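Q: One file is attached below, entry.cif, containing mmCIF, C-alpha atoms and all ligand atoms.
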```cif
data_upload
#
loop_
_atom_site.label_atom_id
_atom_site.label_comp_id
_atom_site.auth_asym_id
_atom_site.auth_seq_id
_atom_site.Cartn_x
_atom_site.Cartn_y
_atom_site.Cartn_z
CA MET A 1 -8.48 5.63 -11.86
CA GLU A 2 -8.14 1.99 -12.82
CA TYR A 3 -9.20 -0.82 -10.51
CA THR A 4 -8.28 -4.45 -9.99
CA THR A 5 -10.37 -7.18 -8.34
CA LEU A 6 -9.39 -9.01 -5.16
CA ASN A 7 -9.88 -12.77 -4.70
CA ASN A 8 -13.14 -12.07 -2.80
CA GLY A 9 -14.64 -10.09 -5.70
CA ILE A 10 -14.11 -6.65 -4.12
CA LYS A 11 -12.70 -3.95 -6.40
CA ILE A 12 -9.65 -1.96 -5.30
CA PRO A 13 -8.00 1.09 -6.94
CA LEU A 14 -4.53 0.52 -8.40
CA VAL A 15 -3.28 3.72 -6.74
CA GLY A 16 -3.79 4.61 -3.09
CA PHE A 17 -2.51 7.34 -0.77
CA GLY A 18 -0.04 6.35 1.98
CA VAL A 19 0.03 8.30 5.24
CA TYR A 20 3.09 6.81 6.96
CA GLN A 21 5.13 9.58 8.62
CA ILE A 22 2.49 12.23 7.91
CA PRO A 23 2.14 13.93 11.32
CA THR A 24 -1.22 13.61 13.02
CA SER A 25 -1.74 17.39 12.78
CA LYS A 26 -1.31 17.32 8.98
CA THR A 27 -3.16 14.11 8.12
CA VAL A 28 -6.69 15.53 7.67
CA LYS A 29 -5.44 18.15 5.20
CA ALA A 30 -3.28 15.67 3.26
CA VAL A 31 -6.06 13.07 2.99
CA MET A 32 -8.62 15.68 1.92
CA THR A 33 -6.19 16.93 -0.75
CA ALA A 34 -5.74 13.36 -1.95
CA LEU A 35 -9.52 12.79 -2.10
CA ASP A 36 -9.96 16.07 -4.01
CA ASN A 37 -7.38 14.83 -6.52
CA GLY A 38 -9.28 11.62 -7.17
CA TYR A 39 -7.63 9.14 -4.76
CA ARG A 40 -10.15 6.61 -3.51
CA MET A 41 -7.87 4.54 -1.28
CA ILE A 42 -6.03 5.52 1.90
CA ASP A 43 -3.40 3.35 3.60
CA THR A 44 -2.92 3.89 7.35
CA ALA A 45 -1.94 1.75 10.36
CA ASP A 46 -2.17 1.68 14.14
CA TYR A 47 1.62 2.25 14.06
CA TYR A 48 1.22 5.56 12.15
CA HIS A 49 -0.94 7.18 14.90
CA ASN A 50 -3.22 8.82 12.34
CA GLU A 51 -6.11 6.36 11.84
CA LYS A 52 -8.54 8.71 13.61
CA GLU A 53 -7.54 11.61 11.34
CA VAL A 54 -7.97 9.42 8.23
CA GLY A 55 -11.52 8.57 9.35
CA GLU A 56 -12.16 12.24 10.12
CA ALA A 57 -10.94 13.41 6.68
CA VAL A 58 -13.11 10.88 4.85
CA ALA A 59 -16.15 11.85 6.93
CA LYS A 60 -15.51 15.56 6.27
CA SER A 61 -15.02 15.12 2.51
CA ASP A 62 -17.70 15.13 -0.18
CA VAL A 63 -16.83 11.54 -1.14
CA PRO A 64 -19.27 8.97 0.28
CA ARG A 65 -17.62 6.51 2.68
CA ASP A 66 -18.53 3.53 0.50
CA GLN A 67 -16.47 4.97 -2.35
CA VAL A 68 -13.27 5.13 -0.31
CA PHE A 69 -11.20 2.02 0.35
CA ILE A 70 -9.51 2.35 3.76
CA THR A 71 -6.70 -0.02 4.71
CA SER A 72 -5.23 -0.27 8.18
CA LYS A 73 -2.84 -2.64 9.98
CA ILE A 74 -2.62 -4.16 13.43
CA GLN A 75 0.76 -4.54 15.07
CA PRO A 76 1.63 -8.20 15.65
CA ALA A 77 -0.03 -9.30 18.90
CA PRO A 78 1.08 -12.12 21.24
CA ASP A 79 -2.29 -13.89 21.09
CA TYR A 80 -5.81 -13.97 19.57
CA ASP A 81 -7.52 -11.81 22.22
CA THR A 82 -4.97 -9.00 21.99
CA ALA A 83 -5.20 -9.05 18.20
CA MET A 84 -9.02 -8.81 18.39
CA LYS A 85 -8.73 -5.89 20.83
CA GLU A 86 -6.35 -4.12 18.42
CA ILE A 87 -8.76 -4.70 15.53
CA ASP A 88 -11.68 -3.28 17.53
CA GLU A 89 -9.65 -0.23 18.53
CA SER A 90 -8.56 0.45 14.94
CA VAL A 91 -12.09 0.08 13.60
CA SER A 92 -13.49 2.42 16.23
CA ARG A 93 -10.84 5.06 15.43
CA ILE A 94 -11.60 4.91 11.71
CA GLY A 95 -15.36 4.47 11.65
CA ASP A 96 -17.94 1.69 11.40
CA TYR A 97 -15.80 -0.75 9.42
CA VAL A 98 -12.44 -1.03 7.66
CA ASP A 99 -12.14 -2.15 4.03
CA LEU A 100 -8.90 -4.05 4.52
CA MET A 101 -6.99 -4.95 7.68
CA LEU A 102 -3.46 -6.39 7.50
CA ILE A 103 -1.04 -7.83 10.04
CA HIS A 104 1.65 -5.15 9.75
CA TRP A 105 4.63 -7.52 9.96
CA PRO A 106 5.17 -11.08 11.16
CA GLY A 107 5.24 -11.67 14.92
CA PRO A 108 5.18 -14.50 17.46
CA ALA A 109 1.55 -15.60 16.86
CA ASN A 110 0.75 -15.07 13.18
CA VAL A 111 -1.92 -17.78 12.87
CA GLU A 112 -3.74 -16.57 16.03
CA ASN A 113 -3.59 -12.96 14.77
CA TYR A 114 -4.94 -14.01 11.39
CA ARG A 115 -7.75 -16.02 13.02
CA ALA A 116 -8.79 -12.81 14.80
CA LEU A 117 -8.87 -11.05 11.41
CA GLU A 118 -11.02 -13.89 10.01
CA ASP A 119 -13.49 -13.64 12.89
CA ALA A 120 -13.64 -9.84 12.66
CA GLN A 121 -14.38 -10.19 8.96
CA LYS A 122 -17.20 -12.67 9.73
CA ALA A 123 -18.57 -10.15 12.24
CA GLY A 124 -18.72 -7.46 9.54
CA LYS A 125 -16.00 -5.23 11.03
CA LEU A 126 -13.59 -5.82 8.13
CA ARG A 127 -14.45 -6.28 4.46
CA SER A 128 -11.15 -7.93 3.50
CA ILE A 129 -8.07 -9.23 5.31
CA GLY A 130 -4.43 -9.70 4.38
CA LEU A 131 -0.74 -9.47 5.24
CA SER A 132 2.17 -7.05 5.12
CA SER A 133 5.85 -7.94 4.81
CA PHE A 134 5.10 -11.67 4.98
CA TYR A 135 7.43 -13.84 2.87
CA GLY A 136 8.59 -17.47 2.73
CA LYS A 137 7.59 -19.74 5.64
CA GLU A 138 5.53 -17.11 7.46
CA TYR A 139 3.50 -16.36 4.34
CA GLN A 140 3.03 -20.05 3.54
CA GLU A 141 1.92 -20.89 7.10
CA ILE A 142 -1.06 -18.52 6.77
CA LEU A 143 -2.06 -20.06 3.44
CA ASP A 144 -1.71 -23.60 4.80
CA LYS A 145 -3.36 -23.19 8.22
CA CYS A 146 -5.99 -20.46 7.80
CA ASP A 147 -9.37 -20.56 6.08
CA VAL A 148 -9.48 -17.23 4.24
CA THR A 149 -6.83 -16.61 1.59
CA PRO A 150 -5.31 -13.15 2.17
CA VAL A 151 -6.44 -10.70 -0.53
CA ILE A 152 -3.13 -8.81 -0.42
CA ASP A 153 0.47 -9.06 0.72
CA GLN A 154 1.77 -5.49 1.06
CA ASN A 155 5.54 -5.56 0.59
CA GLU A 156 8.50 -3.30 -0.10
CA THR A 157 8.37 -3.02 -3.90
CA HIS A 158 10.01 -0.46 -6.18
CA ILE A 159 12.50 -0.17 -9.03
CA PHE A 160 15.38 -1.50 -6.90
CA ARG A 161 13.36 -4.36 -5.36
CA GLN A 162 10.98 -5.49 -8.05
CA GLN A 163 9.76 -8.70 -6.33
CA ARG A 164 9.48 -10.55 -9.64
CA ASP A 165 9.66 -14.13 -8.27
CA PHE A 166 7.49 -13.49 -5.23
CA HIS A 167 4.98 -11.56 -7.33
CA GLU A 168 4.61 -14.63 -9.56
CA GLN A 169 3.99 -16.85 -6.51
CA LEU A 170 1.42 -14.40 -5.11
CA GLU A 171 -0.38 -14.24 -8.46
CA ASN A 172 -0.52 -18.05 -8.55
CA ASP A 173 -2.05 -18.03 -5.06
CA GLY A 174 -4.60 -15.33 -5.99
CA VAL A 175 -2.99 -12.78 -3.67
CA LYS A 176 -2.40 -9.22 -4.96
CA LEU A 177 0.97 -7.58 -4.44
CA GLU A 178 0.68 -4.06 -3.03
CA ALA A 179 3.83 -1.91 -3.06
CA TRP A 180 4.96 -0.06 0.03
CA SER A 181 7.54 2.71 -0.43
CA PRO A 182 7.04 2.60 -4.22
CA LEU A 183 9.11 5.81 -4.45
CA VAL A 184 11.90 4.43 -2.17
CA GLU A 185 10.95 7.31 0.18
CA GLY A 186 12.66 9.63 -2.32
CA ILE A 187 16.05 8.82 -0.72
CA HIS A 188 19.52 8.40 -2.30
CA ASP A 189 18.69 10.75 -5.21
CA VAL A 190 16.43 8.06 -6.63
CA PHE A 191 14.54 10.61 -8.76
CA GLU A 192 17.82 11.49 -10.51
CA THR A 193 18.43 7.91 -11.73
CA PRO A 194 19.59 8.39 -15.38
CA THR A 195 17.51 5.50 -16.80
CA LEU A 196 14.37 6.93 -15.20
CA LYS A 197 15.13 10.46 -16.35
CA GLN A 198 15.52 9.29 -19.97
CA ILE A 199 12.26 7.34 -19.87
CA ALA A 200 10.44 10.26 -18.20
CA GLU A 201 11.70 12.67 -20.88
CA LYS A 202 10.58 10.32 -23.65
CA HIS A 203 7.01 10.23 -22.26
CA HIS A 204 6.93 13.92 -21.15
CA THR A 205 6.38 12.83 -17.59
CA THR A 206 8.38 12.75 -14.30
CA THR A 207 10.66 10.15 -12.73
CA PRO A 208 8.27 9.48 -9.79
CA GLN A 209 5.48 8.87 -12.31
CA VAL A 210 7.69 6.40 -14.22
CA MET A 211 8.49 4.60 -10.92
CA LEU A 212 4.79 4.24 -10.13
CA ARG A 213 3.61 3.51 -13.68
CA CYS A 214 6.04 0.60 -14.14
CA LEU A 215 4.51 -1.12 -11.09
CA VAL A 216 0.89 -0.38 -12.01
CA GLN A 217 1.58 -1.74 -15.49
CA ARG A 218 2.62 -5.05 -13.87
CA GLY A 219 -0.72 -5.13 -11.99
CA ILE A 220 0.86 -4.08 -8.69
CA ILE A 221 -1.11 -1.69 -6.45
CA VAL A 222 0.95 1.37 -5.42
CA LEU A 223 0.69 3.59 -2.32
CA PRO A 224 2.69 6.80 -2.86
CA ARG A 225 2.85 9.29 0.02
CA SER A 226 3.29 13.05 -0.24
CA GLU A 227 2.48 16.20 1.70
CA ASN A 228 2.97 18.41 -1.37
CA PRO A 229 -0.32 19.08 -3.24
CA SER A 230 1.38 19.18 -6.63
CA HIS A 231 3.14 15.83 -5.97
CA ILE A 232 -0.16 14.38 -4.70
CA ALA A 233 -1.76 15.34 -8.04
CA ASP A 234 1.17 13.99 -10.11
CA ASP A 235 1.33 10.65 -8.30
CA ILE A 236 -2.19 9.67 -9.35
CA ASP A 237 -1.79 10.94 -12.91
CA LEU A 238 -0.48 7.63 -14.25
CA PHE A 239 -3.04 6.56 -16.81
CA GLY A 240 -2.31 8.96 -19.70
CA PHE A 241 0.90 7.24 -20.83
CA GLU A 242 2.21 3.71 -21.26
CA LEU A 243 5.75 2.38 -20.88
CA ASP A 244 6.85 0.26 -23.84
CA ILE A 245 8.72 -3.02 -23.74
CA ASP A 246 12.13 -1.28 -24.07
CA ASP A 247 11.34 0.97 -21.10
CA MET A 248 10.24 -2.02 -19.02
CA MET A 249 13.42 -3.96 -19.93
CA GLU A 250 15.62 -1.00 -18.95
CA ILE A 251 13.80 -0.64 -15.63
CA ARG A 252 14.18 -4.37 -15.03
CA LYS A 253 17.97 -3.93 -15.13
CA LEU A 254 17.76 -1.62 -12.07
CA ASP A 255 16.51 -4.48 -9.85
CA GLN A 256 18.89 -5.21 -6.96
CA GLU A 257 16.58 -7.90 -5.53
CA GLN A 258 17.11 -6.77 -1.94
CA SER A 259 15.66 -4.39 0.61
CA TYR A 260 16.65 -0.74 0.29
CA PHE A 261 15.96 -0.09 3.96
CA ASP A 262 18.13 -1.34 6.83
CA ASN A 263 15.35 -1.92 9.30
CA PHE A 264 12.97 -4.00 7.22
CA PHE A 265 12.68 -7.47 5.82
N1 LIG A 301 3.43 -2.06 5.37
C1 LIG A 301 4.55 -1.45 5.71
O1 LIG A 301 5.34 -1.94 6.52
C2 LIG A 301 4.87 -0.13 5.09
C3 LIG A 301 6.16 0.39 5.17
C4 LIG A 301 6.41 1.62 4.56
C5 LIG A 301 5.38 2.28 3.87
N2 LIG A 301 4.13 1.74 3.83
C6 LIG A 301 3.02 2.41 3.11
O2 LIG A 301 3.49 2.86 1.84
C7 LIG A 301 3.30 4.27 1.75
C8 LIG A 301 4.37 4.93 0.87
O3 LIG A 301 5.66 4.65 1.34
P1 LIG A 301 6.55 5.74 2.09
O4 LIG A 301 5.68 6.63 2.88
O5 LIG A 301 7.61 5.00 2.81
O6 LIG A 301 7.28 6.57 0.96
P2 LIG A 301 7.21 6.75 -0.66
O7 LIG A 301 5.82 6.94 -1.12
O8 LIG A 301 8.06 5.69 -1.27
O9 LIG A 301 8.00 8.14 -0.79
C9 LIG A 301 7.54 9.30 -0.16
C10 LIG A 301 8.55 10.42 -0.43
O10 LIG A 301 8.53 10.74 -1.84
C11 LIG A 301 8.30 12.14 -2.01
N3 LIG A 301 7.43 12.29 -3.19
C12 LIG A 301 6.20 11.75 -3.39
N4 LIG A 301 5.73 12.09 -4.60
C13 LIG A 301 6.68 12.85 -5.19
C14 LIG A 301 6.77 13.52 -6.44
N5 LIG A 301 5.79 13.43 -7.34
N6 LIG A 301 7.89 14.23 -6.71
C15 LIG A 301 8.90 14.33 -5.80
N7 LIG A 301 8.86 13.73 -4.59
C16 LIG A 301 7.77 13.00 -4.29
C17 LIG A 301 7.61 12.62 -0.75
O11 LIG A 301 7.97 13.96 -0.48
P3 LIG A 301 6.88 15.16 -0.53
O12 LIG A 301 5.99 15.00 0.66
O13 LIG A 301 7.74 16.37 -0.51
O14 LIG A 301 6.16 15.02 -1.82
C18 LIG A 301 8.21 11.69 0.31
O15 LIG A 301 9.43 12.22 0.80
C19 LIG A 301 3.34 4.72 3.22
O16 LIG A 301 2.87 6.02 3.40
C20 LIG A 301 2.52 3.64 3.87
O17 LIG A 301 1.14 3.87 3.65
C21 LIG A 301 3.86 0.55 4.42
#
```
Now, as a test, write the supplied structure out as structure tokens.
Ligand SMILES: NC(=O)c1ccc[n+]([C@@H]2O[C@H](COP(=O)([O-])OP(=O)(O)OC[C@H]3O[C@@H](n4cnc5c(N)ncnc54)[C@H](OP(=O)(O)O)[C@@H]3O)[C@@H](O)[C@H]2O)c1

A:
Amino acid sequence: MEYTTLNNGIKIPLVGFGVYQIPTSKTVKAVMTALDNGYRMIDTADYYHNEKEVGEAVAKSDVPRDQVFITSKIQPAPDYDTAMKEIDESVSRIGDYVDLMLIHWPGPANVENYRALEDAQKAGKLRSIGLSSFYGKEYQEILDKCDVTPVIDQNETHIFRQQRDFHEQLENDGVKLEAWSPLVEGIHDVFETPTLKQIAEKHHTTTPQVMLRCLVQRGIIVLPRSENPSHIADDIDLFGFELDIDDMMEIRKLDQEQSYFDNFF
């Protein structure tokens, strides 16, 4: 595993395990399989209804809690007090503290929500705080009005939405880009994309690995999700090959610079 360093000095793995849409009843098994395969970061959310199972899997595993980076997300709350209540509930479902808490998507009271994250961090409940699916004015408002610079903005990022301009802005601000749906949820035959298949063949690897490796190589943190043990193992096996400049240029041509999902930002 390779790590990168957040703007507060905390180290974070470049590959984490996403648990969106993994049913509650299957989360403990999936997370324990991921930990067995070397994952040291798990990405959950209040919205996913499996925070408790993530905490349970980490507690049950042989990996000490302080070696696992757990991220969760509060749903946008109407005010500071509701946001703080959501934070407290998430933390108590997961364990004693959460490594990184994000606001899951922008809402009506972003600054108040973020202030609650700042205060929860001061109180030792959260080690780091950040954003998810914040762009443009909403992103800038947090930077302008709040005290703590977010460590991460977790956004839809994959071969069809490469976020090149926004990534540059985030880097300039000291905020890491973390990719959600880095495998485009496997929809629309994405793994059969001819460019990806050619590059995968050249490196004796798979198309999902090429999709993840091209992001990691740009310094972007990726959060693949799988319930299949062999896919779970493949998706973290990204450090034994390197894409060359020609591969990266070919992948760049696939960028459509827009969301691949109807219901997101
Ligand atoms: N912040 C946000 O708003 C937000 C939004 C979406 C997602 N996320 C985060 O990002 C994580 C990942 O995104 P996602 O869950 O939308 O989907 P994803 O990781 O882009 O794709 C998951 C799909 O890819 C398949 N897959 C994974 N590895 C594979 C492999 N090696 N070969 C073939 N198929 C493979 C999985 O099927 P199998 O189970 O069969 O392997 C699954 O159907 C989420 O779990 C969540 O933590 C955050």

Q: Once 8 Å is added on each side, what centre and edge lengths in Å to one decimal does the axis-aligned box around all listed atoms of ligand LIG 301 (chain A) have, as AutoDock Vina command-line options?

A:
```
--center_x 5.3 --center_y 7.2 --center_z -0.4 --size_x 24.3 --size_y 34.4 --size_z 29.9
```

Q: Neighbours of ligand LIG 301 (chain A) within 9 Å, counting only C-alpha atoms and all ligand atoms, as a PDB file with C-alpha atoms, in the frame of the given file?

A:
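As a result, selection_9.pdb now contains:
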```pdb
ATOM      1  CA  GLY A  16      -3.790   4.610  -3.090  1.00  0.00           C
ATOM      2  CA  PHE A  17      -2.510   7.340  -0.770  1.00  0.00           C
ATOM      3  CA  GLY A  18      -0.040   6.350   1.980  1.00  0.00           C
ATOM      4  CA  VAL A  19       0.030   8.300   5.240  1.00  0.00           C
ATOM      5  CA  TYR A  20       3.090   6.810   6.960  1.00  0.00           C
ATOM      6  CA  GLN A  21       5.130   9.580   8.620  1.00  0.00           C
ATOM      7  CA  ILE A  22       2.490  12.230   7.910  1.00  0.00           C
ATOM      8  CA  ILE A  42      -6.030   5.520   1.900  1.00  0.00           C
ATOM      9  CA  ASP A  43      -3.400   3.350   3.600  1.00  0.00           C
ATOM     10  CA  THR A  44      -2.920   3.890   7.350  1.00  0.00           C
ATOM     11  CA  ALA A  45      -1.940   1.750  10.360  1.00  0.00           C
ATOM     12  CA  TYR A  48       1.220   5.560  12.150  1.00  0.00           C
ATOM     13  CA  THR A  71      -6.700  -0.020   4.710  1.00  0.00           C
ATOM     14  CA  SER A  72      -5.230  -0.270   8.180  1.00  0.00           C
ATOM     15  CA  LYS A  73      -2.840  -2.640   9.980  1.00  0.00           C
ATOM     16  CA  LEU A 102      -3.460  -6.390   7.500  1.00  0.00           C
ATOM     17  CA  ILE A 103      -1.040  -7.830  10.040  1.00  0.00           C
ATOM     18  CA  HIS A 104       1.650  -5.150   9.750  1.00  0.00           C
ATOM     19  CA  TRP A 105       4.630  -7.520   9.960  1.00  0.00           C
ATOM     20  CA  LEU A 131      -0.740  -9.470   5.240  1.00  0.00           C
ATOM     21  CA  SER A 132       2.170  -7.050   5.120  1.00  0.00           C
ATOM     22  CA  SER A 133       5.850  -7.940   4.810  1.00  0.00           C
ATOM     23  CA  ASP A 153       0.470  -9.060   0.720  1.00  0.00           C
ATOM     24  CA  GLN A 154       1.770  -5.490   1.060  1.00  0.00           C
ATOM     25  CA  ASN A 155       5.540  -5.560   0.590  1.00  0.00           C
ATOM     26  CA  GLU A 156       8.500  -3.300  -0.100  1.00  0.00           C
ATOM     27  CA  HIS A 158      10.010  -0.460  -6.180  1.00  0.00           C
ATOM     28  CA  GLU A 178       0.680  -4.060  -3.030  1.00  0.00           C
ATOM     29  CA  ALA A 179       3.830  -1.910  -3.060  1.00  0.00           C
ATOM     30  CA  TRP A 180       4.960  -0.060   0.030  1.00  0.00           C
ATOM     31  CA  SER A 181       7.540   2.710  -0.430  1.00  0.00           C
ATOM     32  CA  PRO A 182       7.040   2.600  -4.220  1.00  0.00           C
ATOM     33  CA  LEU A 183       9.110   5.810  -4.450  1.00  0.00           C
ATOM     34  CA  VAL A 184      11.900   4.430  -2.170  1.00  0.00           C
ATOM     35  CA  GLU A 185      10.950   7.310   0.180  1.00  0.00           C
ATOM     36  CA  GLY A 186      12.660   9.630  -2.320  1.00  0.00           C
ATOM     37  CA  ILE A 187      16.050   8.820  -0.720  1.00  0.00           C
ATOM     38  CA  PHE A 191      14.540  10.610  -8.760  1.00  0.00           C
ATOM     39  CA  THR A 206       8.380  12.750 -14.300  1.00  0.00           C
ATOM     40  CA  THR A 207      10.660  10.150 -12.730  1.00  0.00           C
ATOM     41  CA  PRO A 208       8.270   9.480  -9.790  1.00  0.00           C
ATOM     42  CA  GLN A 209       5.480   8.870 -12.310  1.00  0.00           C
ATOM     43  CA  VAL A 222       0.950   1.370  -5.420  1.00  0.00           C
ATOM     44  CA  LEU A 223       0.690   3.590  -2.320  1.00  0.00           C
ATOM     45  CA  PRO A 224       2.690   6.800  -2.860  1.00  0.00           C
ATOM     46  CA  ARG A 225       2.850   9.290   0.020  1.00  0.00           C
ATOM     47  CA  SER A 226       3.290  13.050  -0.240  1.00  0.00           C
ATOM     48  CA  GLU A 227       2.480  16.200   1.700  1.00  0.00           C
ATOM     49  CA  ASN A 228       2.970  18.410  -1.370  1.00  0.00           C
ATOM     50  CA  PRO A 229      -0.320  19.080  -3.240  1.00  0.00           C
ATOM     51  CA  SER A 230       1.380  19.180  -6.630  1.00  0.00           C
ATOM     52  CA  HIS A 231       3.140  15.830  -5.970  1.00  0.00           C
ATOM     53  CA  ILE A 232      -0.160  14.380  -4.700  1.00  0.00           C
ATOM     54  CA  ALA A 233      -1.760  15.340  -8.040  1.00  0.00           C
ATOM     55  CA  ASP A 234       1.170  13.990 -10.110  1.00  0.00           C
ATOM     56  CA  ASP A 235       1.330  10.650  -8.300  1.00  0.00           C
ATOM     57  CA  PHE A 264      12.970  -4.000   7.220  1.00  0.00           C
TER      58      PHE A 264
END
```

Q: Select, from A:Gln121, A:Asn50, A:Thr82, A:Asn110, the residue with the minimum atom-to-atom distance to A:Ile142, counting all atoms listed in the file.

A: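 Once distances to A:Ile142 are computed over all atoms listed in the file, the minimum belongs to A:Asn110.
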
Q: Give me, as a PDB file with C-alpha atoms, in the frame of the given file, all polymer residues having an atom no more than 10 Å from A:Leu6, counting all atoms listed in the file and skipping those fewer than 4 positions away in the same chain.

A:
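That gives us selection-v3.pdb:
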```pdb
ATOM      1  CA  ILE A  10     -14.110  -6.650  -4.120  1.00  0.00           C
ATOM      2  CA  LYS A  11     -12.700  -3.950  -6.400  1.00  0.00           C
ATOM      3  CA  ILE A  12      -9.650  -1.960  -5.300  1.00  0.00           C
ATOM      4  CA  SER A 128     -11.150  -7.930   3.500  1.00  0.00           C
ATOM      5  CA  PRO A 150      -5.310 -13.150   2.170  1.00  0.00           C
ATOM      6  CA  VAL A 151      -6.440 -10.700  -0.530  1.00  0.00           C
ATOM      7  CA  ILE A 152      -3.130  -8.810  -0.420  1.00  0.00           C
ATOM      8  CA  GLY A 174      -4.600 -15.330  -5.990  1.00  0.00           C
ATOM      9  CA  VAL A 175      -2.990 -12.780  -3.670  1.00  0.00           C
ATOM     10  CA  LYS A 176      -2.400  -9.220  -4.960  1.00  0.00           C
TER      11      LYS A 176
END
```

Q: Please provide as number ranges by chain all residues within 12 Å of A:Arg115, with the sequence filter that same-chain residues fewer than 2 positions apart are discarded (counting only C-alpha atoms).

A: A: 77, 79-84, 87, 102-103, 109-113, 117-122, 129-130, 142-143, 145-150

Q: Please report the interatomic distance between atom CA of A:Met1 and atom CA of A:Pro13 in Å with one decimal.

A: 6.7 Å

Q: Quick one, how far is atom CA of A:Ile236 from atom CA of A:Thr205?

A: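 For atom CA of A:Ile236 relative to atom CA of A:Thr205, the distance reads 12.3 Å.
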
Q: Just to confirm, what's the straight-line distance from atom CA of A:Ile74 to atom CA of A:Ser90 in Å (one decimal)?

A: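 That distance, rounded to one decimal, is 7.7 Å.
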
Q: Could you rebuild stretch 240-254 of chain A with N, CA and C atoms and give me the result as an mmCIF file, keeping the file's coordinate frame?

A:
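Produced file result20.cif, reproduced below:
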```
data_model
loop_
_atom_site.group_PDB
_atom_site.id
_atom_site.type_symbol
_atom_site.label_atom_id
_atom_site.label_comp_id
_atom_site.auth_asym_id
_atom_site.auth_seq_id
_atom_site.Cartn_x
_atom_site.Cartn_y
_atom_site.Cartn_z
ATOM 1 N N GLY A 240 -2.320 8.293 -18.389
ATOM 2 C CA GLY A 240 -2.310 8.960 -19.700
ATOM 3 C C GLY A 240 -1.094 8.592 -20.528
ATOM 4 N N PHE A 241 -0.260 7.673 -20.043
ATOM 5 C CA PHE A 241 0.900 7.240 -20.830
ATOM 6 C C PHE A 241 1.172 5.760 -20.526
ATOM 7 N N GLU A 242 1.915 5.130 -21.448
ATOM 8 C CA GLU A 242 2.210 3.710 -21.260
ATOM 9 C C GLU A 242 3.687 3.459 -21.538
ATOM 10 N N LEU A 243 4.342 2.729 -20.655
ATOM 11 C CA LEU A 243 5.750 2.380 -20.880
ATOM 12 C C LEU A 243 5.808 1.252 -21.900
ATOM 13 N N ASP A 244 6.774 1.329 -22.833
ATOM 14 C CA ASP A 244 6.850 0.260 -23.840
ATOM 15 C C ASP A 244 7.802 -0.831 -23.353
ATOM 16 N N ILE A 245 7.937 -1.858 -24.146
ATOM 17 C CA ILE A 245 8.720 -3.020 -23.740
ATOM 18 C C ILE A 245 10.182 -2.654 -23.478
ATOM 19 N N ASP A 246 10.733 -1.711 -24.283
ATOM 20 C CA ASP A 246 12.130 -1.280 -24.070
ATOM 21 C C ASP A 246 12.266 -0.577 -22.718
ATOM 22 N N ASP A 247 11.306 0.281 -22.398
ATOM 23 C CA ASP A 247 11.340 0.970 -21.100
ATOM 24 C C ASP A 247 11.312 -0.064 -19.963
ATOM 25 N N MET A 248 10.404 -1.022 -20.088
ATOM 26 C CA MET A 248 10.240 -2.020 -19.020
ATOM 27 C C MET A 248 11.517 -2.861 -18.869
ATOM 28 N N MET A 249 12.172 -3.172 -19.992
ATOM 29 C CA MET A 249 13.420 -3.960 -19.930
ATOM 30 C C MET A 249 14.534 -3.146 -19.261
ATOM 31 N N GLU A 250 14.599 -1.859 -19.562
ATOM 32 C CA GLU A 250 15.620 -1.000 -18.950
ATOM 33 C C GLU A 250 15.391 -0.898 -17.441
ATOM 34 N N ILE A 251 14.125 -0.745 -17.065
ATOM 35 C CA ILE A 251 13.800 -0.640 -15.630
ATOM 36 C C ILE A 251 14.123 -1.956 -14.922
ATOM 37 N N ARG A 252 13.891 -3.050 -15.611
ATOM 38 C CA ARG A 252 14.180 -4.370 -15.030
ATOM 39 C C ARG A 252 15.654 -4.496 -14.635
ATOM 40 N N LYS A 253 16.520 -3.854 -15.415
ATOM 41 C CA LYS A 253 17.970 -3.930 -15.130
ATOM 42 C C LYS A 253 18.347 -3.220 -13.831
ATOM 43 N N LEU A 254 17.449 -2.358 -13.312
ATOM 44 C CA LEU A 254 17.760 -1.620 -12.070
ATOM 45 C C LEU A 254 17.528 -2.475 -10.823
#
```
